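Colleague: My questions all concern the structure below.
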Amino acid sequence: MSNFEYAVIMPKMSMTMEEGELLGLRVAVGDAVKSGDVLFDVATDKIDMEVESPADGVVKEIVGQVGSTMAVGAPVLILLTETQVMSFDFNAPAPSIVADVPVEIKNFHSPEVAISVAPISAPPVLAPIATIKAVPKAREMAKDRGIALSSVKATGPFGTITFEDISQPHISGANDSRKAANRKMVASALEKTRSIPQITLTRFRAHASAFIEEGSAHLLSTWARILRQNPHVNISTITEKPHDGVGIALIMESKYGLALPVFADPDLKHGSELTAWIRETREKATRGKVPIEMLSGATASIFDFSHTLINSAIPLLLPSHTTALAVGAPDAEVGKSAITLTVDLRYCDALEAAALLDQLINSL
Amino acid sequence: MSERMLTMSEALREAMAIAMEERPEVFILGEDIGIYGGAFGVTGDLYHRFGSERVRDTPISELGIVGAAVGAALSGMRPIVEIQFSDFTAQAMDQIVNQAAKIHFMVGGGLHVPLVLRAAAGSGTGAAAQHSQSLEGWFANVPGLKVVIPSSPYEAKGLLLSAIDDPNPVIFMEHKLLYKIPGREAVPEGAYRIPLGVSRVLREGQDLTVVATGIMVSRAMAAADQLEKEGVFLTVIDPRTISPLDMGPIYASIEKTGRLMVVQEAPEHGGFLNEVIAKVATGPALGYLLAPVVRLAGMNIPIPYAPQLEKAAVPQVEDIVSRAREVVANWR
Amino acid sequence: MTTAVLKTGDPLASQENARYALLTMSRIRKLEEAVEDLFGRGMMHGTMHLSIGQEATATGVCMALEVSDQITSTHRGHGHCVAKGADLTSMIAELLGKESGYCHGRGGSMHIADVATGNLGANGIVGGGIPIAIGAALASKMLNRGTVAVSFFGDGAMNEGAFHEAANLAAIWKLPVILVCENNGYGMSSSTDLAFAINTLAERGLGYGIPGFTVDGNDVAAVYEATRIAVARAKAGEGPTLLEFVTYRWKGHSRSDKNLYRTKEEIDEWKKKDPILFFEHLVRDKNLLSDVEIAEVHAEATAQVIHAVNEAMKGVPADPAGLLAAVFKDLDSKEVSS
């Protein structure tokens, strides 16, 4: 009563085995076999094994070719068995997890393992990349200030440049001179605006918090919306014409000192979009790379001190700008924050300026 | 606030008594902890207060003791195992490393092992190579174990109460020289808990950050007192638990001092202090370093017997002083 | 339904008990045949240690236990797990490395534990579970639970220090624990003849003041009866018992075993002492189950295992994302006393 058809497969004998060679058959079609009888022999990458019948039965069909290499899971012969043998063919020979090391507990009889030795090629000769020794903090400072380590005299042990060595007053880096030049440039620009008639007004904002969380985005878009509604102060003082759209310079730190990237129409962007734009620009500035299209087109500037310890500042007009805004850090005790506005009196009188400042604070 | 100055033995005993009063499932087992009161007198009178069931003397059978504690912990108890000398944990390693540490993870979270293993560690008693080791690094290298090294009576009591609360196996390494010395700090009466995995900054100075564990904390503090008179100021940080390890205060301190020294009693090679240094070398504080990191550890030798040899084998106060002075002077 | 409710009682006491004993043994065997097949197809990872031929010990011991009684198991532990009432689908899923497995793929064959059925876990370390069972029994005694703990281990474990230390603690503290040695003749390839200089392994109990008994491990009713007596001793406060169940594993130690250390004749001899066939003869003779009923039991076991494999296959592969968080149990509010 052989009722169940069962395919005896090329079995996986070890963790690394993917295929095996069918060395020989011990049975023929029609043979009656008992559970435990050897059916065929298999050679694997590690060991040779006899494959036994899992149950009593009769050989129905031989599928595998003697001498051929067969994949794990491929049927070698078909049995008709008397009891049902557990067999699961999910047609998915790939294991769900793949080990890169064999973890099987090995037989104490050492298996014949062929070890192939890969040819070893000579390693490439590397040129030394850093011949100058310096402590990490000195290296960091050298990078920040553009100091060539070769120009610094090492006094530390083992001829190492210490932090003290690189902090000597006579040492100046490439970035130091760029910073100085940048500083001079901003100063001379501001000198030109000193003759412009202007007024500076301050009002405190209650319950204020720093704008740093969203990177000044809320402040920037609110002021832009107000300028858009008030074209008489959204004027380029060079063309004396209302500006196309709104452009505001947000003053930030850069690798070479202060940078003034201009944000065009910030009030038309979504909050998160604008926040991302500001963050991206800050990162670029830190690397000394403000995008060229952000270098012009402003009628206003904002200096946001809200995340610092500075409570108020008097902003000066930049050339061609009509307004300048400075926001101080909230007072630690009462949470008041000073917002200071400077306007060019040729385009806006003091009362109009006060109204603009009120509008800004109410909108914030 | 009480101003009681206890020894570490007294503080540990007080913690165990509080835990046993709080929870019926807490019990202690170990060799000679009953009438004898413990090889270092830590359990003291607990046997008389809590009885032989809960202060359970065992045969000399470390593997059996720890294994029984693991099984009891899996079954609703909270055992505290006392191993007379931490060196003897080697006898119980299978139960500590292969069983206690891994059961929660490998069975998929269904079981956990709330077990505390207290062991007397360290040199300085003339007990030589098999009774003087500092083996905490072994255990820190096994995921699944928490490793605590109290440095004072105050720390010992608060940390032990937290260790007993912890649902995971905790290795509690007590330096035997600290057992009998009163600490610098008063030990409050009643229960208080010091969370595991929080480093403590014991003093702040601008010149050098010293990270030390166990008895090396008091040596670092003594060195700091001396150096202060010379105008060299140390920050001393005690991680208290080396697994989990709280690096935050260490990074923050390096930012201020720019120099780091790590001190341990265990041999330098493969020691835990190397983990602190590796984290600094690969972490956010690297750029603040003004000087190479100083490693001060036990010699790579078994602890020798003769007093002068034993002293030479592990860092002393004068070693910390001279190395600290040197690194601050040379690297500015 | 792949979970069986643990049934307590003499396998020969009633038709119901006989059916349960046969079904449990058949479920163990079918499960392990399925495991062997899936491993052979490369669908299971690592290695496997099959207990085919030893089903009567796991079944007979667990039929003498209550659900609340605890066990520790071994690397060859599928049978203990099933006999104590584990869910077949979760077991297979674990072996397939699925998230739905008992251990979420973190433990595999050698680390299945099932808190609900008092199974404190299989163990990859020979002898590792014995001191743990002693501790479980200690907890039972200290908390007056009235439960017993059973430690399954093989003949090989009796030469580990852990056995000796645990046996001594169990004896001096008179713990409600049963030391169950499944003597299958070989510690991997070392035969008991080479590894022991005593006649029966049960003699080892004498040295610790523990009564020891050697029993036919392929006779599920004898296994049950010996365990029942040991449980009664434990619950009466008389302390531990050492039971040596003589049995045989048909398959190799693990998959790569070439059986160089034993003969085909020896294996064939033991196959004639098949614990399942033996029990079938017994229940037929005692008119507890008919041939048809016996066939039905096997068909039911087969269907349960096939169902379990198919269900387990549906699971998603275990997710590495949770690994780091799985090392420690979180300190929850219940853990902290006020």
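By convention here, the chains of the structure tokens are called A, B, ... in the order presented, each chain's residues are numbered starting at 1, and ligands are numbered starting at 1 in the order presented.
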Near C:Asn184, counting only C-alpha atoms, which residues have an atom at most 10 Å away, once you skip same-chain residues fewer than 4 positions from it, shown as a PyMOL selection string?
Modeller: chain C and resi 51+53-54+154-156+188+191-192+217+244-250
Colleague: If the cut-off is 8 Å, can you tell me the residues of chain C near chain B, counting only C-alpha atoms? I'd like them as a ChimeraX atom specification.
Modeller: /C:102-107,111-115,120-121,125,128,130-140,142,162,165-166,169,326-331,335-337
Colleague: Nearest to chain B among A:Ile147, A:Glu164, A:Gly159, A:Ala154, with distances taken over only C-alpha atoms: which residue is it?
Modeller: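 Of A:Ile147, A:Glu164, A:Gly159, A:Ala154, the one nearest chain B, counting only C-alpha atoms, is A:Glu164.
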Colleague: Got a sec: who's within 7 Å of stretch 197-205 of chain C, counting only C-alpha atoms, leaving out chain neighbours fewer than 6 positions off, as a list in words?
Modeller: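 Those residues are Pro211, Gly212, Phe213, Thr214, Leu242, Leu243 and Glu244 of chain C.
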Colleague: Residues of chain B near chain A: apply a cut-off of 12 Å, count only C-alpha atoms, and supply the list as a count of residues only.
Modeller: 25
Colleague: Distance table requested - chain C against chain A, cut-off 7 Å, only C-alpha atoms: one row per qualifying residue with the closest atom pair and its distance in Å to one decimal, ordered by chain and rising residue number, as JSON lines.
Modeller:
```
{"residue": "C:Lys30", "atom": "CA", "partner": "A:Met86", "partner_atom": "CA", "distance": 6.6}
{"residue": "C:Glu33", "atom": "CA", "partner": "A:Met86", "partner_atom": "CA", "distance": 5.6}
{"residue": "C:Ala34", "atom": "CA", "partner": "A:Met86", "partner_atom": "CA", "distance": 5.0}
{"residue": "C:Asp37", "atom": "CA", "partner": "A:Ser87", "partner_atom": "CA", "distance": 5.9}
{"residue": "C:Leu38", "atom": "CA", "partner": "A:Phe88", "partner_atom": "CA", "distance": 6.7}
{"residue": "C:Phe39", "atom": "CA", "partner": "A:Lys12", "partner_atom": "CA", "distance": 6.7}
{"residue": "C:Gly40", "atom": "CA", "partner": "A:Pro11", "partner_atom": "CA", "distance": 4.3}
{"residue": "C:Arg41", "atom": "CA", "partner": "A:Gly73", "partner_atom": "CA", "distance": 4.6}
{"residue": "C:Gly42", "atom": "CA", "partner": "A:Pro95", "partner_atom": "CA", "distance": 5.7}
{"residue": "C:Met43", "atom": "CA", "partner": "A:Pro95", "partner_atom": "CA", "distance": 4.5}
{"residue": "C:Met44", "atom": "CA", "partner": "A:Pro95", "partner_atom": "CA", "distance": 6.6}
{"residue": "C:Gly46", "atom": "CA", "partner": "A:Glu104", "partner_atom": "CA", "distance": 5.7}
{"residue": "C:Thr47", "atom": "CA", "partner": "A:Glu104", "partner_atom": "CA", "distance": 5.5}
{"residue": "C:Arg255", "atom": "CA", "partner": "A:Met13", "partner_atom": "CA", "distance": 6.0}
{"residue": "C:Ser256", "atom": "CA", "partner": "A:Met13", "partner_atom": "CA", "distance": 5.9}
{"residue": "C:Asp257", "atom": "CA", "partner": "A:Asn107", "partner_atom": "CA", "distance": 6.1}
{"residue": "C:Lys258", "atom": "CA", "partner": "A:Met49", "partner_atom": "CA", "distance": 6.8}
{"residue": "C:Pro317", "atom": "CA", "partner": "A:Ser96", "partner_atom": "CA", "distance": 6.8}
```
